[in-house]
$ cat start-v9.txt   # compact mmCIF, C-alpha atoms
# COMPACT_ATOMS: atom_id res chain seq x y z
CA MET A 528 18.37 0.17 23.37
CA THR A 529 20.63 3.07 22.37
CA MET A 530 22.69 3.02 19.19
CA LYS A 531 25.86 2.77 21.32
CA THR A 532 24.54 -0.31 23.12
CA ARG A 533 23.45 -1.86 19.84
CA ILE A 534 26.95 -1.39 18.40
CA LEU A 535 28.47 -3.01 21.49
CA TYR A 536 26.22 -6.04 21.03
CA LEU A 537 27.21 -6.31 17.39
CA LEU A 538 30.90 -6.14 18.32
CA LEU A 539 30.37 -8.92 20.86
CA PHE A 540 28.72 -11.07 18.22
CA MET A 541 31.76 -10.59 15.95
CA ILE A 542 34.38 -11.72 18.52
CA PRO A 543 35.88 -15.12 17.46
CA SER A 544 34.92 -17.91 19.85
CA GLY A 545 36.64 -20.93 18.33
CA VAL A 546 33.54 -21.66 16.27
CA THR A 547 33.39 -20.59 12.64
CA ALA A 548 30.90 -17.71 12.22
CA GLN A 549 27.70 -18.92 10.66
CA ARG A 550 24.72 -17.24 9.10
CA ALA A 551 21.99 -16.72 11.68
CA ARG A 552 19.02 -19.10 11.54
CA ILE A 553 15.58 -17.67 12.22
CA ALA A 554 12.35 -19.69 12.12
CA PHE A 555 8.94 -17.98 12.18
CA ASP A 556 5.87 -19.80 13.46
CA GLU A 557 3.89 -18.05 10.70
CA LYS A 558 4.87 -15.50 8.05
CA HIS A 559 1.42 -14.50 6.84
CA HIS A 560 -1.48 -13.32 8.97
CA GLN A 561 -4.85 -13.22 7.19
CA LEU A 562 -6.85 -10.60 9.04
CA GLY A 563 -10.12 -11.35 7.26
CA GLN A 564 -12.75 -8.62 7.06
CA ILE A 565 -12.07 -5.54 9.17
CA GLU A 566 -14.59 -2.84 9.94
CA GLU A 567 -12.91 0.44 9.09
CA GLY A 568 -14.57 2.25 11.96
CA ASN A 569 -13.17 -0.18 14.57
CA GLY A 570 -9.68 1.31 14.35
CA ILE A 571 -6.21 -0.23 14.42
CA VAL A 572 -5.80 -4.02 14.26
CA SER A 573 -2.66 -5.67 15.68
CA ARG A 574 -1.09 -9.07 15.02
CA THR A 575 2.06 -10.57 16.53
CA PHE A 576 4.56 -12.72 14.63
CA THR A 577 6.70 -15.09 16.73
CA PHE A 578 10.12 -16.40 15.70
CA THR A 579 12.78 -18.64 17.27
CA ASN A 580 16.54 -18.19 17.14
CA LYS A 581 17.67 -21.56 15.75
CA GLY A 582 21.32 -20.56 15.55
CA ASN A 583 24.18 -20.85 18.02
CA ALA A 584 24.63 -17.12 18.76
CA PRO A 585 22.39 -14.26 19.94
CA VAL A 586 20.63 -12.19 17.28
CA ILE A 587 19.02 -8.78 17.32
CA ILE A 588 16.53 -7.11 15.01
CA LEU A 589 18.41 -4.30 13.29
CA ASP A 590 15.48 -2.76 11.43
CA VAL A 591 11.94 -3.40 10.20
CA GLU A 592 10.44 -1.85 7.07
CA SER A 593 6.78 -1.82 6.00
CA SER A 594 5.32 -1.29 2.53
CA CYS A 595 3.13 1.66 3.60
CA GLY A 596 2.55 4.09 6.44
CA CYS A 597 -0.70 2.30 7.39
CA THR A 598 1.38 -0.64 8.69
CA VAL A 599 3.49 0.16 11.75
CA PRO A 600 5.77 -2.53 13.27
CA GLU A 601 6.86 -2.75 16.91
CA TRP A 602 9.76 -4.87 18.15
CA SER A 603 12.36 -5.19 20.89
CA ASP A 604 16.00 -4.53 20.03
CA HIS A 605 17.28 -6.69 22.91
CA PRO A 606 19.25 -9.80 21.89
CA VAL A 607 17.37 -13.06 21.36
CA LEU A 608 19.46 -15.92 22.72
CA PRO A 609 19.88 -19.28 20.92
CA GLY A 610 16.76 -21.40 21.27
CA LYS A 611 14.69 -18.50 22.58
CA PRO A 612 11.66 -16.81 20.97
CA GLY A 613 11.21 -13.23 19.84
CA THR A 614 8.23 -11.27 18.57
CA ILE A 615 7.31 -8.55 16.10
CA THR A 616 3.92 -6.83 16.38
CA VAL A 617 2.34 -5.27 13.30
CA ASN A 618 -0.30 -2.55 13.73
CA PHE A 619 -2.55 -1.96 10.73
CA ASN A 620 -4.62 1.22 10.49
CA PRO A 621 -7.59 0.68 8.10
CA ALA A 622 -8.59 4.36 7.95
CA ASN A 623 -9.38 5.44 4.37
CA LEU A 624 -8.30 2.04 3.02
CA SER A 625 -11.60 0.41 2.10
CA GLY A 626 -11.19 -2.71 -0.03
CA LYS A 627 -8.78 -5.63 -0.09
CA PHE A 628 -5.17 -5.17 0.97
CA SER A 629 -1.87 -7.04 1.18
CA LYS A 630 1.05 -5.43 3.04
CA LYS A 631 4.65 -6.65 3.28
CA ILE A 632 6.94 -6.20 6.28
CA THR A 633 10.69 -6.87 5.91
CA ILE A 634 12.84 -7.68 8.98
CA TYR A 635 16.62 -7.27 9.06
CA PHE A 636 18.44 -9.42 11.63
CA SER A 637 22.05 -9.43 12.71
CA GLY A 638 23.89 -12.35 11.17
CA ASP A 639 22.97 -11.27 7.62
CA VAL A 640 19.40 -12.58 7.64
CA THR A 641 16.24 -10.96 6.31
CA ALA A 642 12.66 -12.22 6.47
CA ASP A 643 9.50 -11.06 4.72
CA LEU A 644 6.18 -11.12 6.57
CA ARG A 645 2.75 -10.25 5.23
CA ILE A 646 -0.68 -9.24 6.47
CA SER A 647 -3.73 -9.25 4.24
CA GLY A 648 -7.48 -8.91 4.44
CA GLU A 649 -10.34 -6.65 3.47
CA VAL A 650 -11.41 -3.34 4.97
CA ILE A 651 -15.18 -2.94 5.06
CA ALA A 652 -16.35 0.66 4.96
CA ASP A 653 -19.76 1.92 5.98
CA PRO A 654 -21.96 1.84 2.82
CA GLY A 655 -22.89 5.47 3.28
CA ASP A 656 -19.25 6.41 3.62
CA MET A 657 -18.40 4.45 0.46
CA GLU A 658 -20.94 6.45 -1.51
CA ARG A 659 -19.49 9.65 -0.09
CA ARG A 660 -15.95 8.73 -1.15
CA TYR A 661 -16.89 7.31 -4.55
CA PRO A 662 -20.12 9.07 -5.53
CA VAL A 663 -19.79 8.55 -9.28
CA SER A 664 -20.88 5.15 -10.61
CA VAL A 665 -19.75 3.73 -13.95
CA GLY A 666 -21.32 0.33 -13.56
CA ALA A 667 -19.42 -1.49 -10.81
CA LEU A 668 -16.56 0.97 -11.15
CA ARG A 669 -16.99 3.84 -8.72
CA MET A 670 -15.05 7.10 -8.95
CA SER A 671 -14.31 9.88 -6.48
CA ALA A 672 -15.27 12.59 -9.01
CA ASP A 673 -16.39 13.16 -12.59
CA THR A 674 -14.70 16.54 -13.08
CA VAL A 675 -11.01 17.45 -13.21
CA PHE A 676 -9.27 20.84 -13.33
CA LEU A 677 -5.99 20.82 -15.21
CA HIS A 678 -3.94 23.93 -14.55
CA ALA A 679 -0.99 24.79 -16.75
CA GLY A 680 1.14 25.13 -13.64
CA LYS A 681 -0.15 21.86 -12.14
CA ARG A 682 -0.36 19.35 -14.91
CA SER A 683 -1.99 16.36 -13.25
CA HIS A 684 -5.17 15.49 -11.40
CA ILE A 685 -6.15 12.18 -9.78
CA ILE A 686 -9.57 10.52 -9.65
CA HIS A 687 -9.66 7.62 -7.19
CA THR A 688 -11.48 4.48 -8.28
CA PHE A 689 -12.96 1.44 -6.55
CA ASN A 690 -14.25 -1.86 -7.93
CA ALA A 691 -17.52 -2.38 -6.08
CA GLY A 692 -18.47 -5.40 -8.19
CA LYS A 693 -17.66 -9.11 -8.07
CA LYS A 694 -15.62 -9.30 -11.30
CA LYS A 695 -12.35 -7.72 -12.37
CA ILE A 696 -12.62 -4.45 -14.29
CA THR A 697 -10.42 -2.88 -16.94
CA ILE A 698 -10.88 0.26 -18.98
CA THR A 699 -11.26 -0.85 -22.57
CA SER A 700 -11.36 2.55 -24.30
CA ILE A 701 -10.88 6.23 -23.57
CA MET A 702 -12.00 9.04 -25.89
CA LYS A 703 -10.16 12.22 -24.90
CA PRO A 704 -8.64 15.45 -26.26
CA ASN A 705 -5.11 15.23 -27.62
CA ASP A 706 -3.50 17.39 -24.93
CA VAL A 707 -4.74 15.12 -22.11
CA THR A 708 -3.19 11.76 -21.18
CA ILE A 709 -4.79 9.34 -18.71
CA ASP A 710 -3.01 6.54 -16.84
CA GLN A 711 -4.93 3.81 -15.01
CA THR A 712 -3.20 2.31 -11.97
CA PRO A 713 -3.46 -0.62 -11.69
CA VAL A 714 -4.48 -1.56 -15.23
CA LEU A 715 -6.57 -4.47 -13.89
CA LEU A 716 -8.79 -3.62 -10.92
CA LEU A 717 -9.80 -6.69 -8.92
CA PRO A 718 -13.07 -6.82 -6.92
CA GLY A 719 -12.82 -4.80 -3.73
CA PHE A 720 -9.59 -3.09 -4.77
CA ARG A 721 -8.86 0.61 -5.24
CA GLY A 722 -7.05 2.37 -8.05
CA ASP A 723 -6.36 5.75 -9.62
CA LEU A 724 -7.02 7.54 -12.88
CA VAL A 725 -4.25 10.10 -13.31
CA PHE A 726 -4.94 12.90 -15.78
CA PHE A 727 -1.90 14.62 -17.31
CA TYR A 728 -2.14 17.92 -19.17
CA SER A 729 0.25 19.10 -21.90
CA PRO A 730 -0.72 22.76 -22.34
CA THR A 731 -1.15 24.19 -25.81
CA THR A 732 -1.41 27.82 -26.85
CA GLY A 733 -4.60 29.65 -26.11
CA THR A 734 -6.27 31.77 -23.48
CA GLY A 735 -9.30 31.45 -21.29
CA ARG A 736 -10.94 28.34 -19.89
CA GLU A 737 -11.57 25.34 -22.14
CA THR A 738 -13.89 22.45 -21.31
CA ASP A 739 -13.97 18.98 -22.87
CA ARG A 740 -15.50 15.61 -22.17
CA VAL A 741 -13.65 12.34 -21.71
CA LEU A 742 -15.58 9.11 -22.38
CA ILE A 743 -14.36 6.13 -20.34
CA THR A 744 -15.70 2.66 -21.23
CA THR A 745 -15.08 -0.33 -18.96
CA SER A 746 -14.97 -4.06 -19.61
CA GLU A 747 -18.61 -4.18 -18.45
CA GLY A 748 -19.56 -2.17 -21.54
CA VAL A 749 -20.56 0.84 -19.43
CA THR A 750 -19.40 4.34 -20.40
CA GLY A 751 -18.84 7.20 -17.98
CA ILE A 752 -18.24 10.87 -18.68
CA VAL A 753 -15.51 12.97 -17.05
CA THR A 754 -15.50 16.71 -17.64
CA VAL A 755 -12.02 18.15 -18.18
CA ASN A 756 -11.50 21.85 -17.46
CA ARG A 757 -8.22 23.24 -18.78
CA ILE A 758 -7.01 26.41 -17.10
CA PRO A 759 -4.00 27.87 -18.97
CA ARG A 760 -1.30 29.79 -17.13
CA ARG A 761 -2.20 33.46 -16.80

$ encode --input "start-v9.txt" --output "structure tokens"
Amino acid sequence: MTMKTRILYLLLFMIPSGVTAQRARIAFDEKHHQLGQIEEGNGIVSRTFTFTNKGNAPVIILDVESSCGCTVPEWSDHPVLPGKPGTITVNFNPANLSGKFSKKITIYFSGDVTADLRISGEVIADPGDMERRYPVSVGALRMSADTVFLHAGKRSHIIHTFNAGKKKITITSIMKPNDVTIDQTPVLLLPGFRGDLVFFYSPTTGTGRETDRVLITTSEGVTGIVTVNRIPRR
């Protein structure tokens, strides 16, 4: 449907008909699809949500937003008549998303109605691929690298993390140089979930290349070492 046609539909919906305009009524058969365990190598997984127009006037879907680019919705922008069903299909791409996930999809209907849908599950990566992506082990916490390069002109570096264990993990202590700050996102890493360690560099005076060690201890009592290479602006 073109934008011009959509506007014409909306104008038709707004024409008085002797009945006081009412907020649209939309009922979904289900608002949450649990996808279970998905093999990453099997590609895109699709699920369809079905709704019914419970109101007394046609409705259209104006827009659909998803919480990340891995979740792509498909829908028809033709009017759904009173008492009739409509559908929204959600396509989830598990590539590079090993671990548990929960994604929200927000639908905007004519008649001033919004609805939130959700898909969730767990992406299972090939064990060999998991070791390739997170080769550094600090107990159950796995990291994508154990070395960072902090340039004066580029003051941050990210190490991706993954909780390969069966219990939640937090970082309980970090021993680091004063000109380096490290943020953990999220602070609490649940089993099967991914996170990030973001290294920020506040350059100080000096020349040449400086190397330090950062000691990271987790709630398991295991300590890992990350080598920090500072490269001042030349």

$ residues_around --input "start-v9.txt" --residues "segment 736-740 of chain A" --least-positions-apart "4" --cutoff "10 Å" --atoms "only C-alpha atoms" --output "list of chain:residue names"
A:Asp673, A:Thr674, A:Val675, A:Phe676, A:Leu677, A:His678, A:Met702, A:Lys703, A:Pro704, A:Gly751, A:Ile752, A:Val753, A:Thr754, A:Val755, A:Asn756, A:Arg757, A:Ile758, A:Pro759

$ closest_atom_pairs --input "start-v9.txt" --of "segment 544-601 of chain A" --to "segment 626-634 of chain A" --cutoff "6 Å" --atoms "all atoms listed in the file" --output "Markdown table"
| residue | atom | partner | partner_atom | distance |
| --- | --- | --- | --- | --- |
| A:Val591 | CA | A:Ile634 | CA | 4.5 |
| A:Glu592 | CA | A:Thr633 | CA | 5.2 |
| A:Ser593 | CA | A:Ile632 | CA | 4.4 |
| A:Ser594 | CA | A:Lys631 | CA | 5.5 |

$ write_last_selection --input "start-v9.txt" --atoms "C-alpha atoms" --output "short mmCIF file (atom, residue, chain, number, x, y, z; two decimals), keeping the file's coordinate frame"
data_model
loop_
_atom_site.label_atom_id
_atom_site.label_comp_id
_atom_site.auth_asym_id
_atom_site.auth_seq_id
_atom_site.Cartn_x
_atom_site.Cartn_y
_atom_site.Cartn_z
CA VAL A 591 11.94 -3.40 10.20
CA GLU A 592 10.44 -1.85 7.07
CA SER A 593 6.78 -1.82 6.00
CA SER A 594 5.32 -1.29 2.53
#

$ atom_distance --input "start-v9.txt" --atom1 "atom CA of Val586 of chain A" --atom2 "atom CA of Thr598 of chain A"
24.0 Å

$ closest_atom_pairs --input "start-v9.txt" --of "segment 605-662 of chain A" --to "segment 720-728 of chain A" --cutoff "12 Å" --atoms "only C-alpha atoms" --output "tab-separated table"
residue	atom	partner	partner_atom	distance
A:Asn623	CA	A:Arg721	CA	10.8
A:Leu624	CA	A:Arg721	CA	8.4
A:Ser625	CA	A:Arg721	CA	7.8
A:Gly626	CA	A:Phe720	CA	5.0
A:Lys627	CA	A:Phe720	CA	5.4
A:Phe628	CA	A:Phe720	CA	7.5
A:Ser629	CA	A:Phe720	CA	10.5
A:Gly648	CA	A:Phe720	CA	11.1
A:Glu649	CA	A:Phe720	CA	9.0
A:Val650	CA	A:Phe720	CA	9.9
A:Ile651	CA	A:Phe720	CA	11.3
A:Met657	CA	A:Arg721	CA	11.8
A:Arg660	CA	A:Arg721	CA	11.5
A:Tyr661	CA	A:Arg721	CA	10.5

$ closest_residue --input "start-v9.txt" --among "A:His560, A:His605, A:Lys611, A:Lys694" --to "Leu644 of chain A" --atoms "only C-alpha atoms"
A:His560

$ residues_around --input "start-v9.txt" --residues "Val749 of chain A" --least-positions-apart "4" --cutoff "10 Å" --atoms "all atoms listed in the file" --output "list in words"
Ser664, Val665, Gly666, Ala667, Leu668, Ile698, Thr699, Ile743, Thr744 and Thr745 of chain A

$ atom_distance --input "start-v9.txt" --atom1 "atom CA of Val572 of chain A" --atom2 "atom CA of Pro713 of chain A"
26.3 Å

$ closest_residue --input "start-v9.txt" --among "A:Thr697, A:Asp590, A:Glu567, A:Gly719" --to "Val640 of chain A" --atoms "all atoms listed in the file"
A:Asp590

$ atom_distance --input "start-v9.txt" --atom1 "atom CA of Phe636 of chain A" --atom2 "atom CA of Asn580 of chain A"
10.5 Å

$ closest_residue --input "start-v9.txt" --among "A:Val741, A:Leu562, A:Ile646, A:Ala622" --to "Asp706 of chain A" --atoms "only C-alpha atoms"
A:Val741

$ closest_residue --input "start-v9.txt" --among "A:Cys595, A:Gly570, A:Ile565, A:Gly638" --to "Ile553 of chain A" --atoms "all atoms listed in the file"
A:Gly638

$ closest_residue --input "start-v9.txt" --among "A:Ser746, A:Asn569, A:Ser729, A:Ser647" --to "Ile696 of chain A" --atoms "only C-alpha atoms"
A:Ser746

$ closest_residue --input "start-v9.txt" --among "A:Phe689, A:Asn583, A:Val707, A:Ser637" --to "Pro662 of chain A" --atoms "all atoms listed in the file"
A:Phe689

$ residues_around --input "start-v9.txt" --residues "Pro606 of chain A" --least-positions-apart "2" --cutoff "8 Å" --atoms "only C-alpha atoms" --output "list in words"
Tyr536, Pro585, Val586, Ile587, Ile588, Asp604 and Leu608 of chain A

$ residues_around --input "start-v9.txt" --residues "Asp556 of chain A" --least-positions-apart "3" --cutoff "9 Å" --atoms "all atoms listed in the file" --output "VMD selection string"
chain A and resid 576 to 579

$ build_atoms --input "start-v9.txt" --residues "segment 660-682 of chain A" --atoms "N, CA and C atoms" --output "CSV table (one decimal), in the coordinates of the input"
chain,number,residue,atom,x,y,z
A,660,ARG,N,-17.3,8.7,-0.6
A,660,ARG,CA,-16.0,8.7,-1.2
A,660,ARG,C,-16.0,8.5,-2.7
A,661,TYR,N,-16.8,7.6,-3.1
A,661,TYR,CA,-16.9,7.3,-4.6
A,661,TYR,C,-18.3,7.5,-5.1
A,662,PRO,N,-18.7,8.8,-5.2
A,662,PRO,CA,-20.1,9.1,-5.5
A,662,PRO,C,-20.5,8.8,-7.0
A,663,VAL,N,-19.5,8.7,-7.8
A,663,VAL,CA,-19.8,8.6,-9.3
A,663,VAL,C,-19.7,7.1,-9.6
A,664,SER,N,-20.8,6.6,-10.2
A,664,SER,CA,-20.9,5.2,-10.6
A,664,SER,C,-20.8,5.0,-12.1
A,665,VAL,N,-19.9,4.2,-12.6
A,665,VAL,CA,-19.8,3.7,-14.0
A,665,VAL,C,-19.9,2.2,-13.9
A,666,GLY,N,-21.1,1.7,-13.8
A,666,GLY,CA,-21.3,0.3,-13.6
A,666,GLY,C,-20.8,0.0,-12.2
A,667,ALA,N,-20.0,-1.1,-12.1
A,667,ALA,CA,-19.4,-1.5,-10.8
A,667,ALA,C,-18.2,-0.6,-10.5
A,668,LEU,N,-17.7,0.1,-11.4
A,668,LEU,CA,-16.6,1.0,-11.2
A,668,LEU,C,-17.1,2.3,-10.6
A,669,ARG,N,-16.6,2.6,-9.4
A,669,ARG,CA,-17.0,3.8,-8.7
A,669,ARG,C,-15.8,4.8,-8.7
A,670,MET,N,-16.1,6.1,-8.9
A,670,MET,CA,-15.0,7.1,-9.0
A,670,MET,C,-15.3,8.2,-7.9
A,671,SER,N,-14.2,8.8,-7.5
A,671,SER,CA,-14.3,9.9,-6.5
A,671,SER,C,-14.8,11.2,-7.1
A,672,ALA,N,-14.8,11.4,-8.4
A,672,ALA,CA,-15.3,12.6,-9.0
A,672,ALA,C,-15.5,12.3,-10.5
A,673,ASP,N,-16.2,13.2,-11.1
A,673,ASP,CA,-16.4,13.2,-12.6
A,673,ASP,C,-16.0,14.5,-13.3
A,674,THR,N,-15.2,15.3,-12.5
A,674,THR,CA,-14.7,16.5,-13.1
A,674,THR,C,-13.3,16.7,-12.6
A,675,VAL,N,-12.4,17.1,-13.6
A,675,VAL,CA,-11.0,17.4,-13.2
A,675,VAL,C,-10.7,18.9,-13.7
A,676,PHE,N,-9.8,19.5,-13.0
A,676,PHE,CA,-9.3,20.8,-13.3
A,676,PHE,C,-7.8,20.7,-13.6
A,677,LEU,N,-7.4,21.0,-14.8
A,677,LEU,CA,-6.0,20.8,-15.2
A,677,LEU,C,-5.4,22.2,-15.4
A,678,HIS,N,-4.6,22.6,-14.5
A,678,HIS,CA,-3.9,23.9,-14.6
A,678,HIS,C,-2.6,23.8,-15.3
A,679,ALA,N,-2.3,24.8,-16.0
A,679,ALA,CA,-1.0,24.8,-16.8
A,679,ALA,C,0.2,24.7,-15.8
A,680,GLY,N,0.1,25.2,-14.6
A,680,GLY,CA,1.1,25.1,-13.6
A,680,GLY,C,1.1,23.8,-12.8
A,681,LYS,N,0.0,23.1,-12.8
A,681,LYS,CA,-0.2,21.9,-12.1
A,681,LYS,C,-0.8,20.9,-13.1
A,682,ARG,N,0.1,20.1,-13.7
A,682,ARG,CA,-0.4,19.4,-14.9
A,682,ARG,C,-0.9,18.0,-14.7
